[in-house]
Amino acid sequence: MDDKRDWLRKLPSVDRLLSHKRVQNLIKDYSHRLVVEAIRAELESARRGILAKQKLDISESAVLDRVIYGLGMSFQASLRPVINATGVIIHTNLGRAPLSKAAQAAMIAVAGAYNTLEYDLEEGERGSRLVHAAKLLRALTGAEDAIVLNNNAAALILILSGLASGREVIISRGQLVEIGGGFRIPAIMQESGATLVEVGTTNRTRIEDFEAVVNEQTAMLLRVHASNFRQLGFVEQPSLRQLAACARQRGVLAVDDLGSGTLIDTREFGLAYEPTIQDSVSAGFDLICFSGDKLLGGPQAGIIVGKAELIARLKRHPLARAMRVDKLTYAALIATLQHYLGDVAMQQVPIWRMIARPLKEIGTTAERWAAQIGGKVVDGRSTVGGGSLPGTDLPTRLLAIPAAFPARFVAGLRQADPPVIARVAKSDVLLDPRTVLPEQEADLLRVLSGLAVDEDR
Ligand SMILES: *Cc1c(COP(=O)(O)O)cnc(C)c1O
């Protein structure tokens, strides 16, 4: 008991800790109030520890270390850049598409200054934010008009609510998909007030199946791209042209939820075919929606392109106001689209640079890392990810670092600054150069050499 009392007496006081030089800096970062609260909480927990007979370092510096660590854990930004060494190019958990240099610069330029978000410079009066990016999207896709929303889920909800509420939407049973995060087509349909009419079977749907159920209650035929899974074997879906033609003949709308929305043919890179936006436009779809941050390689956004009269109706819908995007999104999206216009997307848009990166160059990078860190270079596969091109991948070269405790090693990588996200296969930690941005390489090697010398990695 006396022993405990002794220890309790030895605990530094709040005032004593507050007078410490290190605390003055803490107060600049976190305010006097939060620092005092953190010190009190730490001392209280030390007191409880002593009473529970725990062995605790209660020197001033140790207590301060814990206070600083605790404040960092509580208030450090939870959204931080990381190094993606997983080889998954559009990694949904890691923020999907990293932006091009020009897109980043465009965001910064409008972020800190007044801008023309809703201002018409020629007329000197109020303009509409909905004009931004529309011209570029028309030129790139061949569609009559376009609208940009918060994401593709929002785009689909707006299309269904605005054009099919209280009416029927026909969709193939093979396309009643869950996109991820609980976003399921039947639930979206219900939310929008449209009635879902399923046709065909899970594996086979023919155009006759659609034709058989179109009636005066039908608002649209909806095609949903099977972004995140692949059906093989005895499967059939009507072609884009058949669907669009059927809709036109029967006086209903043809809508395509493309998901990834690529402007570039993925077959050029040895990947499977991912339908392009231009294909859907020229097939005659009335509206086509897709994401901004999947294969387009831009900011999070949902883009609808299609018939001008329909886009105009969607613009007037109250939900369009609730789903609108801000100046930063427009800035990044316009800069991204300009890369396609100038036909330099392959060099400028990071995800396309990663997809197009020659295997040889990846191998050279992996060898360079191995020379510095150790480990060996092995063959592997990178994936496109982000609900794009499921079941197809790209050959890559990986740095494989053998580790006695791989789970502990990758946990150490995650705790590094910047955090590094890697894969584990058996007793190897695998790092794929394909998804590591060139400007991150020095940081990656610094983090790795710090950890790799750690003996019990
Ligand atoms: C990814 C995807 C969506 C959702 O797009 P977000 O931009 O993530 O909201 C919708 N439909 C399909 C087919 C998709 O692949």
# chains A, B, ... in the order shown; residues from 1 in each chain; ligands from 1
>>> select_by_dssp(residues="segment 255-407 of chain A", states="helix (DSSP H, G or I)", output="ChimeraX atom specification")
/A:266-269,277-283,308-316,318-322,327-341,345-348,350-356,359-373,406-407
>>> residues_near_ligand(ligand="ligand 1", cutoff="9 Å", atoms="only C-alpha atoms and all ligand atoms", output="PyMOL selection string")
chain A and resi 92+150-156+177-180+183-185+223-228+256-261+289-294+300-303+386-388
>>> closest_atom_pairs(of="segment 400-437 of chain A", to="segment 69-87 of chain A", cutoff="6 Å", atoms="only C-alpha atoms", output="JSON lines")
{"residue": "A:Pro418", "atom": "CA", "partner": "A:Val82", "partner_atom": "CA", "distance": 5.6}
{"residue": "A:Pro419", "atom": "CA", "partner": "A:Val82", "partner_atom": "CA", "distance": 5.0}
{"residue": "A:Val420", "atom": "CA", "partner": "A:Ile83", "partner_atom": "CA", "distance": 4.7}
{"residue": "A:Ile421", "atom": "CA", "partner": "A:Asn84", "partner_atom": "CA", "distance": 5.3}
{"residue": "A:Ala422", "atom": "CA", "partner": "A:Thr86", "partner_atom": "CA", "distance": 5.0}
{"residue": "A:Arg423", "atom": "CA", "partner": "A:Thr86", "partner_atom": "CA", "distance": 5.7}
{"residue": "A:Leu431", "atom": "CA", "partner": "A:Ala85", "partner_atom": "CA", "distance": 5.0}
{"residue": "A:Asp432", "atom": "CA", "partner": "A:Ala85", "partner_atom": "CA", "distance": 5.0}
{"residue": "A:Arg434", "atom": "CA", "partner": "A:Gly87", "partner_atom": "CA", "distance": 5.9}
{"residue": "A:Thr435", "atom": "CA", "partner": "A:Gly87", "partner_atom": "CA", "distance": 5.2}
{"residue": "A:Val436", "atom": "CA", "partner": "A:Ala85", "partner_atom": "CA", "distance": 5.7}
>>> residues_around(residues="Leu221 of chain A", least_positions_apart="3", cutoff="7 Å", atoms="only C-alpha atoms", output="list in words")
Val169, Ile170, Ile171, Ala247, Leu253, Ala254 and Val255 of chain A
>>> write_last_selection(atoms="N, CA and C atoms", output="short mmCIF file (atom, residue, chain, number, x, y, z; two decimals), in the first residue's frame")
data_model
loop_
_atom_site.label_atom_id
_atom_site.label_comp_id
_atom_site.auth_asym_id
_atom_site.auth_seq_id
_atom_site.Cartn_x
_atom_site.Cartn_y
_atom_site.Cartn_z
N VAL A 169 -39.78 -0.28 -65.29
CA VAL A 169 -38.43 -0.33 -65.88
C VAL A 169 -38.09 -1.80 -66.10
N ILE A 170 -37.75 -2.14 -67.33
CA ILE A 170 -37.48 -3.54 -67.65
C ILE A 170 -35.98 -3.80 -67.64
N ILE A 171 -35.59 -4.87 -66.96
CA ILE A 171 -34.17 -5.20 -66.85
C ILE A 171 -33.99 -6.72 -66.89
N ALA A 247 -36.28 -0.25 -77.87
CA ALA A 247 -36.83 0.89 -77.13
C ALA A 247 -37.40 1.93 -78.10
N LEU A 253 -37.63 4.56 -73.34
CA LEU A 253 -36.23 4.98 -73.29
C LEU A 253 -35.30 3.78 -73.14
N ALA A 254 -34.10 3.91 -73.72
CA ALA A 254 -33.05 2.92 -73.49
C ALA A 254 -31.96 3.61 -72.66
N VAL A 255 -31.69 3.02 -71.49
CA VAL A 255 -30.72 3.62 -70.57
C VAL A 255 -29.63 2.60 -70.28
#
>>> closest_residue(among="A:Ala187, A:Leu121, A:Ile159, A:Val305", to="Thr141 of chain A", atoms="only C-alpha atoms")
A:Val305
>>> closest_residue(among="A:Leu287, A:Ala41, A:Ala164, A:Ala345", to="Ala312 of chain A", atoms="only C-alpha atoms")
A:Leu287
>>> closest_residue(among="A:Leu328, A:Leu196, A:Leu451, A:Leu413", to="Ile108 of chain A", atoms="only C-alpha atoms")
A:Leu328
>>> residues_around(residues="Lys53 of chain A", least_positions_apart="5", cutoff="12 Å", atoms="only C-alpha atoms", output="PDB file with all heavy atoms, in the first residue's frame")
ATOM      1  N   MET A   1       0.834  -1.204   0.000  1.00  0.00           N
ATOM      2  CA  MET A   1       0.000   0.000   0.000  1.00  0.00           C
ATOM      3  C   MET A   1       0.872   1.259   0.000  1.00  0.00           C
ATOM      4  O   MET A   1       0.693   2.170  -0.788  1.00  0.00           O
ATOM      5  CB  MET A   1      -0.928  -0.032   1.219  1.00  0.00           C
ATOM      6  CG  MET A   1      -2.069   0.971   1.146  1.00  0.00           C
ATOM      7  SD  MET A   1      -3.166   0.590  -0.274  1.00  0.00           S
ATOM      8  CE  MET A   1      -3.994   2.127  -0.463  1.00  0.00           C
ATOM      9  N   ASP A   3       3.816   1.406  -0.904  1.00  0.00           N
ATOM     10  CA  ASP A   3       4.506   1.389  -2.176  1.00  0.00           C
ATOM     11  C   ASP A   3       3.697   2.141  -3.225  1.00  0.00           C
ATOM     12  O   ASP A   3       4.201   3.012  -3.921  1.00  0.00           O
ATOM     13  CB  ASP A   3       4.696  -0.081  -2.584  1.00  0.00           C
ATOM     14  CG  ASP A   3       5.706  -0.194  -3.704  1.00  0.00           C
ATOM     15  OD1 ASP A   3       6.584   0.684  -3.757  1.00  0.00           O
ATOM     16  OD2 ASP A   3       5.584  -1.134  -4.499  1.00  0.00           O
ATOM     17  N   LYS A   4       2.400   1.799  -3.288  1.00  0.00           N
ATOM     18  CA  LYS A   4       1.513   2.462  -4.254  1.00  0.00           C
ATOM     19  C   LYS A   4       1.461   3.956  -3.995  1.00  0.00           C
ATOM     20  O   LYS A   4       1.483   4.765  -4.909  1.00  0.00           O
ATOM     21  CB  LYS A   4       0.098   1.880  -4.136  1.00  0.00           C
ATOM     22  CG  LYS A   4      -0.081   0.575  -4.880  1.00  0.00           C
ATOM     23  CD  LYS A   4      -1.534   0.183  -4.814  1.00  0.00           C
ATOM     24  CE  LYS A   4      -1.694  -1.291  -5.101  1.00  0.00           C
ATOM     25  NZ  LYS A   4      -2.996  -1.778  -4.645  1.00  0.00           N
ATOM     26  N   ARG A   5       1.341   4.313  -2.707  1.00  0.00           N
ATOM     27  CA  ARG A   5       1.263   5.741  -2.377  1.00  0.00           C
ATOM     28  C   ARG A   5       2.491   6.480  -2.845  1.00  0.00           C
ATOM     29  O   ARG A   5       2.407   7.597  -3.359  1.00  0.00           O
ATOM     30  CB  ARG A   5       1.095   5.902  -0.865  1.00  0.00           C
ATOM     31  CG  ARG A   5      -0.331   6.234  -0.554  1.00  0.00           C
ATOM     32  CD  ARG A   5      -0.510   6.782   0.818  1.00  0.00           C
ATOM     33  NE  ARG A   5      -1.737   6.179   1.296  1.00  0.00           N
ATOM     34  CZ  ARG A   5      -1.889   5.577   2.434  1.00  0.00           C
ATOM     35  NH1 ARG A   5      -0.889   5.515   3.293  1.00  0.00           N
ATOM     36  NH2 ARG A   5      -3.024   5.041   2.752  1.00  0.00           N
ATOM     37  N   TRP A   7       4.374   5.680  -5.314  1.00  0.00           N
ATOM     38  CA  TRP A   7       4.300   5.818  -6.773  1.00  0.00           C
ATOM     39  C   TRP A   7       3.343   6.938  -7.167  1.00  0.00           C
ATOM     40  O   TRP A   7       3.644   7.723  -8.055  1.00  0.00           O
ATOM     41  CB  TRP A   7       3.841   4.498  -7.404  1.00  0.00           C
ATOM     42  CG  TRP A   7       4.976   3.549  -7.612  1.00  0.00           C
ATOM     43  CD1 TRP A   7       5.314   2.520  -6.799  1.00  0.00           C
ATOM     44  CD2 TRP A   7       5.905   3.578  -8.680  1.00  0.00           C
ATOM     45  NE1 TRP A   7       6.417   1.882  -7.284  1.00  0.00           N
ATOM     46  CE2 TRP A   7       6.805   2.512  -8.455  1.00  0.00           C
ATOM     47  CE3 TRP A   7       6.083   4.386  -9.795  1.00  0.00           C
ATOM     48  CZ2 TRP A   7       7.867   2.249  -9.308  1.00  0.00           C
ATOM     49  CZ3 TRP A   7       7.136   4.106 -10.643  1.00  0.00           C
ATOM     50  CH2 TRP A   7       8.021   3.048 -10.400  1.00  0.00           C
ATOM     51  N   LEU A   8       2.203   6.968  -6.497  1.00  0.00           N
ATOM     52  CA  LEU A   8       1.218   7.999  -6.843  1.00  0.00           C
ATOM     53  C   LEU A   8       1.806   9.384  -6.607  1.00  0.00           C
ATOM     54  O   LEU A   8       1.577  10.314  -7.372  1.00  0.00           O
ATOM     55  CB  LEU A   8      -0.061   7.821  -6.006  1.00  0.00           C
ATOM     56  CG  LEU A   8      -0.941   6.645  -6.417  1.00  0.00           C
ATOM     57  CD1 LEU A   8      -2.119   6.489  -5.470  1.00  0.00           C
ATOM     58  CD2 LEU A   8      -1.431   6.810  -7.861  1.00  0.00           C
ATOM     59  N   ALA A  46      -2.780   6.596 -15.523  1.00  0.00           N
ATOM     60  CA  ALA A  46      -1.571   6.146 -14.819  1.00  0.00           C
ATOM     61  C   ALA A  46      -1.913   5.812 -13.360  1.00  0.00           C
ATOM     62  O   ALA A  46      -1.457   4.799 -12.815  1.00  0.00           O
ATOM     63  CB  ALA A  46      -0.501   7.228 -14.885  1.00  0.00           C
ATOM     64  N   ARG A  47      -2.762   6.651 -12.742  1.00  0.00           N
ATOM     65  CA  ARG A  47      -3.168   6.422 -11.349  1.00  0.00           C
ATOM     66  C   ARG A  47      -3.871   5.065 -11.212  1.00  0.00           C
ATOM     67  O   ARG A  47      -3.570   4.272 -10.329  1.00  0.00           O
ATOM     68  CB  ARG A  47      -4.135   7.545 -10.932  1.00  0.00           C
ATOM     69  CG  ARG A  47      -3.778   8.181  -9.603  1.00  0.00           C
ATOM     70  CD  ARG A  47      -4.600   9.437  -9.364  1.00  0.00           C
ATOM     71  NE  ARG A  47      -3.821  10.644  -9.644  1.00  0.00           N
ATOM     72  CZ  ARG A  47      -4.201  11.622 -10.460  1.00  0.00           C
ATOM     73  NH1 ARG A  47      -5.369  11.567 -11.072  1.00  0.00           N
ATOM     74  NH2 ARG A  47      -3.423  12.655 -10.632  1.00  0.00           N
ATOM     75  N   ARG A  48      -4.787   4.823 -12.148  1.00  0.00           N
ATOM     76  CA  ARG A  48      -5.500   3.537 -12.101  1.00  0.00           C
ATOM     77  C   ARG A  48      -4.527   2.384 -12.310  1.00  0.00           C
ATOM     78  O   ARG A  48      -4.632   1.342 -11.686  1.00  0.00           O
ATOM     79  CB  ARG A  48      -6.605   3.508 -13.168  1.00  0.00           C
ATOM     80  CG  ARG A  48      -7.902   4.127 -12.692  1.00  0.00           C
ATOM     81  CD  ARG A  48      -9.049   3.719 -13.608  1.00  0.00           C
ATOM     82  NE  ARG A  48      -8.680   3.969 -15.014  1.00  0.00           N
ATOM     83  CZ  ARG A  48      -9.038   5.035 -15.703  1.00  0.00           C
ATOM     84  NH1 ARG A  48      -9.815   5.927 -15.172  1.00  0.00           N
ATOM     85  NH2 ARG A  48      -8.647   5.214 -16.936  1.00  0.00           N
TER      86      ARG A  48
END
>>> closest_residue(among="A:Ala366, A:Val424, A:Tyr330, A:Leu437", to="Ala106 of chain A", atoms="only C-alpha atoms")
A:Tyr330
>>> atom_distance(atom1="atom CA of Leu243 of chain A", atom2="atom CA of Leu176 of chain A")
16.5 Å
>>> atom_distance(atom1="atom CA of Ile58 of chain A", atom2="atom CA of Glu44 of chain A")
11.8 Å
>>> residues_around(residues="segment 272-277 of chain A", least_positions_apart="5", cutoff="6 Å", atoms="only C-alpha atoms", output="list in words")
Gly261, Thr262, Leu263, Thr266 and Arg267 of chain A
>>> write_last_selection(atoms="all heavy atoms", output="compact mmCIF listing (two decimals), in the first residue's frame")
# COMPACT_ATOMS: atom_id res chain seq x y z
N GLY A 261 -17.30 3.20 -67.52
CA GLY A 261 -17.30 4.30 -68.48
C GLY A 261 -15.94 4.63 -69.03
O GLY A 261 -15.35 5.66 -68.71
N THR A 262 -15.43 3.77 -69.89
CA THR A 262 -14.12 4.07 -70.47
C THR A 262 -14.29 4.75 -71.83
O THR A 262 -15.23 4.47 -72.57
CB THR A 262 -13.27 2.79 -70.61
OG1 THR A 262 -12.03 3.13 -71.21
CG2 THR A 262 -13.96 1.73 -71.46
N LEU A 263 -13.36 5.66 -72.13
CA LEU A 263 -13.31 6.28 -73.45
C LEU A 263 -12.31 5.56 -74.34
O LEU A 263 -12.23 5.79 -75.53
CB LEU A 263 -12.92 7.76 -73.32
CG LEU A 263 -13.98 8.70 -72.74
CD1 LEU A 263 -13.36 10.02 -72.30
CD2 LEU A 263 -15.09 8.96 -73.75
N THR A 266 -10.09 -1.06 -73.94
CA THR A 266 -9.16 -1.78 -73.06
C THR A 266 -8.47 -2.95 -73.76
O THR A 266 -7.47 -3.46 -73.26
CB THR A 266 -9.92 -2.33 -71.83
OG1 THR A 266 -11.11 -2.97 -72.28
CG2 THR A 266 -10.28 -1.23 -70.87
N ARG A 267 -9.00 -3.39 -74.91
CA ARG A 267 -8.40 -4.54 -75.61
C ARG A 267 -6.99 -4.23 -76.12
O ARG A 267 -6.19 -5.12 -76.32
CB ARG A 267 -9.29 -4.98 -76.78
CG ARG A 267 -10.53 -5.71 -76.32
CD ARG A 267 -11.48 -5.98 -77.46
NE ARG A 267 -11.97 -4.73 -78.05
CZ ARG A 267 -12.98 -4.67 -78.93
NH1 ARG A 267 -13.59 -5.77 -79.32
NH2 ARG A 267 -13.38 -3.51 -79.42
>>> residues_around(residues="Ala403 of chain A", least_positions_apart="6", cutoff="8 Å", atoms="only C-alpha atoms", output="PyMOL selection string")
chain A and resi 409+427-429+457
>>> residues_around(residues="Asn203 of chain A", least_positions_apart="5", cutoff="8 Å", atoms="only C-alpha atoms", output="mmCIF file with all heavy atoms, in the first residue's frame")
data_model
loop_
_atom_site.group_PDB
_atom_site.id
_atom_site.type_symbol
_atom_site.label_atom_id
_atom_site.label_comp_id
_atom_site.auth_asym_id
_atom_site.auth_seq_id
_atom_site.Cartn_x
_atom_site.Cartn_y
_atom_site.Cartn_z
ATOM 1 N N ARG A 173 -32.720 -10.344 -65.867
ATOM 2 C CA ARG A 173 -32.422 -10.969 -64.560
ATOM 3 C C ARG A 173 -30.923 -11.120 -64.336
ATOM 4 O O ARG A 173 -30.464 -11.141 -63.216
ATOM 5 C CB ARG A 173 -33.101 -12.337 -64.456
ATOM 6 C CG ARG A 173 -34.588 -12.234 -64.269
ATOM 7 C CD ARG A 173 -35.186 -13.496 -63.631
ATOM 8 N NE ARG A 173 -36.543 -13.219 -63.192
ATOM 9 C CZ ARG A 173 -37.623 -13.288 -63.979
ATOM 10 N NH1 ARG A 173 -37.506 -13.641 -65.232
ATOM 11 N NH2 ARG A 173 -38.809 -12.995 -63.492
ATOM 12 N N GLY A 174 -30.173 -11.208 -65.433
ATOM 13 C CA GLY A 174 -28.722 -11.346 -65.307
ATOM 14 C C GLY A 174 -28.036 -10.054 -64.907
ATOM 15 O O GLY A 174 -26.831 -10.030 -64.660
ATOM 16 N N GLN A 231 -19.919 -13.604 -66.120
ATOM 17 C CA GLN A 231 -20.638 -14.847 -66.381
ATOM 18 C C GLN A 231 -19.976 -15.557 -67.549
ATOM 19 O O GLN A 231 -19.740 -14.952 -68.585
ATOM 20 C CB GLN A 231 -22.086 -14.547 -66.742
ATOM 21 C CG GLN A 231 -22.946 -14.190 -65.551
ATOM 22 C CD GLN A 231 -24.421 -14.195 -65.932
ATOM 23 O OE1 GLN A 231 -24.787 -13.797 -67.025
ATOM 24 N NE2 GLN A 231 -25.261 -14.657 -65.032
ATOM 25 N N PHE A 234 -22.938 -20.808 -70.790
ATOM 26 C CA PHE A 234 -24.169 -20.711 -71.563
ATOM 27 C C PHE A 234 -24.878 -19.399 -71.217
ATOM 28 O O PHE A 234 -25.832 -19.381 -70.435
ATOM 29 C CB PHE A 234 -25.043 -21.923 -71.240
ATOM 30 C CG PHE A 234 -26.201 -22.095 -72.172
ATOM 31 C CD1 PHE A 234 -26.025 -22.152 -73.550
ATOM 32 C CD2 PHE A 234 -27.485 -22.231 -71.654
ATOM 33 C CE1 PHE A 234 -27.108 -22.330 -74.399
ATOM 34 C CE2 PHE A 234 -28.576 -22.411 -72.501
ATOM 35 C CZ PHE A 234 -28.378 -22.460 -73.872
ATOM 36 N N VAL A 235 -24.349 -18.299 -71.748
ATOM 37 C CA VAL A 235 -24.896 -16.987 -71.388
ATOM 38 C C VAL A 235 -25.242 -16.199 -72.642
ATOM 39 O O VAL A 235 -24.660 -16.388 -73.705
ATOM 40 C CB VAL A 235 -23.913 -16.165 -70.518
ATOM 41 C CG1 VAL A 235 -23.698 -16.833 -69.177
ATOM 42 C CG2 VAL A 235 -22.582 -15.962 -71.223
ATOM 43 N N GLU A 236 -26.200 -15.307 -72.509
ATOM 44 C CA GLU A 236 -26.621 -14.482 -73.639
ATOM 45 C C GLU A 236 -27.319 -13.224 -73.122
ATOM 46 O O GLU A 236 -28.087 -13.271 -72.170
ATOM 47 C CB GLU A 236 -27.600 -15.280 -74.517
ATOM 48 C CG GLU A 236 -28.086 -14.500 -75.729
ATOM 49 C CD GLU A 236 -29.063 -15.297 -76.614
ATOM 50 O OE1 GLU A 236 -29.261 -16.500 -76.320
ATOM 51 O OE2 GLU A 236 -29.612 -14.713 -77.545
#
>>> closest_residue(among="A:Gly251, A:Pro433, A:Pro186, A:Gly298", to="Val88 of chain A", atoms="only C-alpha atoms")
A:Pro433
>>> closest_residue(among="A:Glu441, A:Glu191, A:Asp393, A:Asp417", to="Thr365 of chain A", atoms="only C-alpha atoms")
A:Glu441
>>> select_by_dssp(residues="segment 216-284 of chain A", states="strand (DSSP E)", output="list in words")
Thr218, Ala219, Met220, Leu221, Leu222, Arg223, Val224, Leu253, Ala254, Val255, Asp256, Asp257, Leu258 and Gly259 of chain A
>>> write_last_selection(atoms="N, CA and C atoms", output="compact mmCIF listing (two decimals), in the first residue's frame")
# COMPACT_ATOMS: atom_id res chain seq x y z
N THR A 218 -44.60 1.05 -69.47
CA THR A 218 -43.14 0.98 -69.51
C THR A 218 -42.51 2.35 -69.73
N ALA A 219 -41.53 2.70 -68.88
CA ALA A 219 -40.81 3.96 -69.08
C ALA A 219 -39.50 3.70 -69.79
N MET A 220 -38.80 2.62 -69.43
CA MET A 220 -37.48 2.42 -70.02
C MET A 220 -37.01 0.97 -69.96
N LEU A 221 -36.08 0.67 -70.87
CA LEU A 221 -35.31 -0.56 -70.80
C LEU A 221 -33.97 -0.17 -70.20
N LEU A 222 -33.57 -0.87 -69.15
CA LEU A 222 -32.32 -0.52 -68.47
C LEU A 222 -31.31 -1.63 -68.65
N ARG A 223 -30.12 -1.25 -69.11
CA ARG A 223 -29.02 -2.20 -69.14
C ARG A 223 -28.05 -1.80 -68.04
N VAL A 224 -27.64 -2.76 -67.22
CA VAL A 224 -26.65 -2.48 -66.19
C VAL A 224 -25.43 -3.32 -66.48
N LEU A 253 -37.63 4.56 -73.34
CA LEU A 253 -36.23 4.98 -73.29
C LEU A 253 -35.30 3.78 -73.14
N ALA A 254 -34.10 3.91 -73.72
CA ALA A 254 -33.05 2.92 -73.49
C ALA A 254 -31.96 3.61 -72.66
N VAL A 255 -31.69 3.02 -71.49
CA VAL A 255 -30.72 3.62 -70.57
C VAL A 255 -29.63 2.60 -70.28
N ASP A 256 -28.39 3.06 -70.29
CA ASP A 256 -27.25 2.17 -70.04
C ASP A 256 -26.47 2.65 -68.82
N ASP A 257 -26.47 1.84 -67.75
CA ASP A 257 -25.59 2.13 -66.62
C ASP A 257 -24.28 1.40 -66.89
N LEU A 258 -23.32 2.17 -67.36
CA LEU A 258 -22.06 1.57 -67.82
C LEU A 258 -21.09 1.26 -66.68
N GLY A 259 -21.25 1.93 -65.57
CA GLY A 259 -20.30 1.72 -64.46
C GLY A 259 -18.98 2.40 -64.74
